[in-house]
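J.: My structure is below; once you've seen it, I'll send some questions.
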Amino acid sequence: MVTQEQRKRQLAREKFLRQQQRRTAARRKARMRNSVIASVLGVVVIGSVALYTTGVLKGNDDNKANASSQTTPSAAATSKAPDPCAKPAKGSVKKLSWKKEPAMTIDKSAKYTMNLATTCGDIDIALKASAAPHTVNSFNFLVGKGYLDHTKCHRLTPQGIYVLQCGDPQGTGMGGPGYTIPDENLKDKSLKGQVYPAGTVAMANQYNSQTKKGRNTGGSQFFLVYQDSPLPADYTPFGTISTAGMKVLKKIAAAGAQAADPTTGNTAPNATVVINKATVTKS
């Protein structure tokens, strides 16, 4: 027969075990949250960041290799502003994944333009095929498969660095195409003084400047710079936004960002930014 004293000790042990389990779970959640928010510079995920963007980057089992949750600095919440964008077109995101980078099919000497027909307006991007051929070839492939259609731009950073991050079908900052592409064009003449100028379109990745690990981990996530942003030359610059596209981007930025999601660390734009259709044209 179990004595009263033995029962007390048993209950005490069970209580202790429950406390330990809760602490372990809390630590696990904290590690996951911190890994998502960790920026390339170890600063605010994109405040001075590894763009994440900070998922900058993280990934699931299908895309651990390229988890481009890329690195982006966290941003403070702003007051809720009216949504300046239209309702998304009907349709759903395609669940696509590939095991390796697509074969090179673009003409590196030709001119390519990527159009993002978003709920907020069209954003045209002149692509740098000769300077970043792997990146441009990858987007030519993904866009041709409808990979970006109906996807949300999941992160807007209104302080520290000023970028809108898109390209994740999951909308969490942890998605990717299943393969990775190499870093390119990191010595682009436009990247002067550790600044990515307004109008730049660059890749998010998993590079960590402190550990020097995570090179060549670009996937499908990219960020559009709407105001000069202090960032190290660690993110492949592969395009330049048109004047009309910049007006759309600034309209999105003017609506502000939401408070950081406690699970992903993302500061979603107040505007409903959805890429209804993406196309790449050669000229």
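Going through the structure tokens in order, the chains are called A, B, and so on, while each chain numbers its residues from 1 and the ligands are numbered from 1 in the order shown.
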Please identify all polymer residues within 7 Å of Ser283 in chain A, counting only C-alpha atoms, omitting same-chain residues fewer than 2 positions from it, and present them as a ChimeraX atom specification.
T.: /A:110-112,281
J.: Generate a file of the selected residues that holds N, CA, C and O atoms, formatted as a compact mmCIF listing (two decimals), in the first residue's frame.
T.:
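In the end it all went to again_9.txt:
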```txt
# COMPACT_ATOMS: atom_id res chain seq x y z
N ALA A 110 20.95 38.89 -73.38
CA ALA A 110 19.67 39.52 -73.68
C ALA A 110 19.14 40.32 -72.49
O ALA A 110 19.65 40.21 -71.37
N LYS A 111 18.09 41.11 -72.75
CA LYS A 111 17.47 41.89 -71.69
C LYS A 111 16.18 41.19 -71.26
O LYS A 111 15.38 40.78 -72.09
N TYR A 112 16.00 41.10 -69.95
CA TYR A 112 14.80 40.46 -69.40
C TYR A 112 14.12 41.40 -68.41
O TYR A 112 14.78 42.14 -67.68
N THR A 281 9.68 38.61 -69.46
CA THR A 281 9.74 38.76 -70.90
C THR A 281 11.17 39.07 -71.35
O THR A 281 11.93 39.69 -70.61
```
J.: Could you go through range 97-273 of chain A and tell me which residues DSSP, when run on the backbone, assigns to strand (DSSP E or B), listing them as a PyMOL selection string?
T.: chain A and resi 112-118+121-127+151-152+155-159+161-166+181+195-196+200-203+208+213+218+222-227+229-230+237-241+257+269
J.: Restricting the output to C-alpha atoms, write the selected residues as an mmCIF file, in the first residue's frame.
T.:
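Saved the output as part.cif:
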```cif
data_model
loop_
_atom_site.group_PDB
_atom_site.id
_atom_site.type_symbol
_atom_site.label_atom_id
_atom_site.label_comp_id
_atom_site.auth_asym_id
_atom_site.auth_seq_id
_atom_site.Cartn_x
_atom_site.Cartn_y
_atom_site.Cartn_z
ATOM 1 C CA TYR A 112 14.800 40.462 -69.399
ATOM 2 C CA THR A 113 12.021 42.172 -67.473
ATOM 3 C CA MET A 114 9.942 40.665 -64.692
ATOM 4 C CA ASN A 115 6.489 42.088 -64.150
ATOM 5 C CA LEU A 116 4.735 41.600 -60.834
ATOM 6 C CA ALA A 117 1.046 42.337 -61.350
ATOM 7 C CA THR A 118 0.107 42.917 -57.709
ATOM 8 C CA GLY A 121 -0.337 47.901 -58.965
ATOM 9 C CA ASP A 122 2.265 46.659 -61.445
ATOM 10 C CA ILE A 123 5.919 46.514 -60.447
ATOM 11 C CA ASP A 124 8.296 46.121 -63.391
ATOM 12 C CA ILE A 125 11.836 44.959 -62.699
ATOM 13 C CA ALA A 126 14.717 45.141 -65.180
ATOM 14 C CA LEU A 127 16.693 41.938 -64.561
ATOM 15 C CA THR A 151 1.555 34.578 -53.370
ATOM 16 C CA LYS A 152 1.632 37.205 -50.624
ATOM 17 C CA ARG A 155 7.259 41.132 -44.743
ATOM 18 C CA LEU A 156 7.654 44.907 -44.703
ATOM 19 C CA THR A 157 10.387 46.577 -42.660
ATOM 20 C CA PRO A 158 9.711 50.287 -41.992
ATOM 21 C CA GLN A 159 12.816 51.064 -39.957
ATOM 22 C CA ILE A 161 16.228 48.944 -43.512
ATOM 23 C CA TYR A 162 13.361 49.603 -45.851
ATOM 24 C CA VAL A 163 12.272 46.590 -47.837
ATOM 25 C CA LEU A 164 9.268 44.570 -48.928
ATOM 26 C CA GLN A 165 9.950 40.826 -49.011
ATOM 27 C CA CYS A 166 8.133 38.457 -51.349
ATOM 28 C CA ILE A 181 21.192 29.076 -56.165
ATOM 29 C CA VAL A 195 24.031 50.473 -48.771
ATOM 30 C CA TYR A 196 21.441 48.889 -51.039
ATOM 31 C CA THR A 200 17.194 47.505 -55.860
ATOM 32 C CA VAL A 201 15.766 43.985 -55.995
ATOM 33 C CA ALA A 202 17.917 41.393 -54.242
ATOM 34 C CA MET A 203 17.807 37.830 -52.964
ATOM 35 C CA ASN A 208 25.142 34.726 -41.185
ATOM 36 C CA LYS A 213 28.026 30.295 -42.851
ATOM 37 C CA GLY A 218 19.160 31.778 -52.167
ATOM 38 C CA PHE A 222 13.555 38.341 -52.689
ATOM 39 C CA PHE A 223 13.245 41.856 -51.350
ATOM 40 C CA LEU A 224 12.448 45.178 -52.974
ATOM 41 C CA VAL A 225 14.184 48.226 -51.506
ATOM 42 C CA TYR A 226 11.933 51.288 -51.328
ATOM 43 C CA GLN A 227 14.432 53.539 -49.520
ATOM 44 C CA SER A 229 19.014 50.690 -46.742
ATOM 45 C CA PRO A 230 22.263 50.018 -44.841
ATOM 46 C CA PRO A 237 21.269 42.268 -56.448
ATOM 47 C CA PHE A 238 19.567 41.021 -59.608
ATOM 48 C CA GLY A 239 17.165 43.731 -60.700
ATOM 49 C CA THR A 240 16.125 47.384 -60.683
ATOM 50 C CA ILE A 241 12.563 48.612 -60.163
ATOM 51 C CA ALA A 257 3.540 47.336 -41.110
ATOM 52 C CA PRO A 269 2.522 44.972 -44.509
#
```
J.: List the neighbours of Gly193 in chain A out to 10 Å using only C-alpha atoms; skip same-chain residues closer than 4 positions along the sequence, and give me the result as a PDB file with N, CA, C and O atoms, in the first residue's frame.
T.:
```
ATOM      1  N   PRO A 230      20.918  50.456 -45.223  1.00  0.00           N
ATOM      2  CA  PRO A 230      22.263  50.018 -44.841  1.00  0.00           C
ATOM      3  C   PRO A 230      22.320  48.500 -44.681  1.00  0.00           C
ATOM      4  O   PRO A 230      21.766  47.948 -43.741  1.00  0.00           O
ATOM      5  N   LEU A 231      22.972  47.844 -45.622  1.00  0.00           N
ATOM      6  CA  LEU A 231      23.107  46.390 -45.611  1.00  0.00           C
ATOM      7  C   LEU A 231      24.468  46.012 -46.185  1.00  0.00           C
ATOM      8  O   LEU A 231      24.946  46.652 -47.128  1.00  0.00           O
ATOM      9  N   PRO A 232      25.081  44.970 -45.661  1.00  0.00           N
ATOM     10  CA  PRO A 232      26.348  44.510 -46.230  1.00  0.00           C
ATOM     11  C   PRO A 232      26.080  43.857 -47.583  1.00  0.00           C
ATOM     12  O   PRO A 232      24.967  43.389 -47.844  1.00  0.00           O
ATOM     13  N   ALA A 233      27.079  43.829 -48.433  1.00  0.00           N
ATOM     14  CA  ALA A 233      26.904  43.262 -49.771  1.00  0.00           C
ATOM     15  C   ALA A 233      26.887  41.734 -49.716  1.00  0.00           C
ATOM     16  O   ALA A 233      27.792  41.066 -50.218  1.00  0.00           O
TER      17      ALA A 233
END
```
J.: Figure out the distance between CA of Met104 in chain A and CA of Lys189 in chain A, please, to one decimal in Å.
T.: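 Distance reported for this atom pair: 24.9 Å.
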J.: Within 12 Å of Thr272 in chain A, counting only C-alpha atoms, which residues qualify if same-chain residues fewer than 6 places away don't, as a CSV table (one decimal) with C-alpha atoms, in the first residue's frame?
T.:
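Below is the file out.csv, written as the result:
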```csv
chain,number,residue,atom,x,y,z
A,81,ALA,CA,-3.7,52.5,-42.0
A,82,PRO,CA,-6.4,52.0,-44.7
A,83,ASP,CA,-5.5,49.2,-47.2
A,84,PRO,CA,-4.5,50.9,-50.4
A,85,CYS,CA,-4.7,47.7,-52.5
A,86,ALA,CA,-7.5,45.8,-54.3
A,87,LYS,CA,-8.8,42.4,-53.5
A,88,PRO,CA,-6.6,39.5,-54.8
A,89,ALA,CA,-7.6,37.8,-58.0
A,118,THR,CA,0.1,42.9,-57.7
A,119,THR,CA,-3.1,43.9,-56.0
A,120,CYS,CA,-1.5,47.3,-55.4
A,121,GLY,CA,-0.3,47.9,-59.0
A,150,HIS,CA,-1.3,34.4,-55.9
A,151,THR,CA,1.6,34.6,-53.4
A,152,LYS,CA,1.6,37.2,-50.6
A,153,CYS,CA,4.5,39.6,-49.9
A,154,HIS,CA,4.9,38.6,-46.3
A,155,ARG,CA,7.3,41.1,-44.7
A,156,LEU,CA,7.7,44.9,-44.7
A,251,LYS,CA,2.3,53.3,-51.6
A,252,ILE,CA,2.6,49.9,-50.0
A,253,ALA,CA,5.3,51.2,-47.6
A,255,ALA,CA,0.5,52.0,-45.3
A,256,GLY,CA,2.9,50.7,-42.7
A,257,ALA,CA,3.5,47.3,-41.1
A,258,GLN,CA,1.8,45.2,-38.5
```
J.: Using the chain letters and numbers from this document, which residues of range 238-278 of chain A does DSSP assign to helix (DSSP H, G or I), as number ranges by chain?
T.: A: 243-254
J.: Using C-alpha atoms, can you write the selected residues to a file as an mmCIF file, in the first residue's frame?
T.:
```
data_model
loop_
_atom_site.group_PDB
_atom_site.id
_atom_site.type_symbol
_atom_site.label_atom_id
_atom_site.label_comp_id
_atom_site.auth_asym_id
_atom_site.auth_seq_id
_atom_site.Cartn_x
_atom_site.Cartn_y
_atom_site.Cartn_z
ATOM 1 C CA THR A 243 9.889 54.465 -61.800
ATOM 2 C CA ALA A 244 6.225 53.465 -61.946
ATOM 3 C CA GLY A 245 6.984 50.379 -59.875
ATOM 4 C CA MET A 246 8.639 52.504 -57.201
ATOM 5 C CA LYS A 247 5.451 54.540 -56.851
ATOM 6 C CA VAL A 248 3.534 51.330 -56.168
ATOM 7 C CA LEU A 249 6.174 50.149 -53.707
ATOM 8 C CA LYS A 250 6.129 53.432 -51.789
ATOM 9 C CA LYS A 251 2.344 53.316 -51.621
ATOM 10 C CA ILE A 252 2.641 49.922 -49.960
ATOM 11 C CA ALA A 253 5.298 51.187 -47.560
ATOM 12 C CA ALA A 254 3.242 54.266 -46.658
#
```
J.: Could you please determine the separation between CA of Ser92 in chain A and CA of Ile106 in chain A in Å, to one decimal place?
T.: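 Going from CA of Ser92 in chain A over to CA of Ile106 in chain A, I get 27.7 Å.
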J.: Would you list the contacts of Gly144 in chain A as a PyMOL selection string, taking every protein, DNA or RNA residue within 12 Å and counting only C-alpha atoms, but skipping same-chain residues closer than 5 positions in sequence?
T.: chain A and resi 102+114+137-139+149+277-281
J.: In Å to one decimal, how far is CA of Leu186 in chain A from CA of Asp228 in chain A?
T.: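 A separation of 16.7 Å between them.
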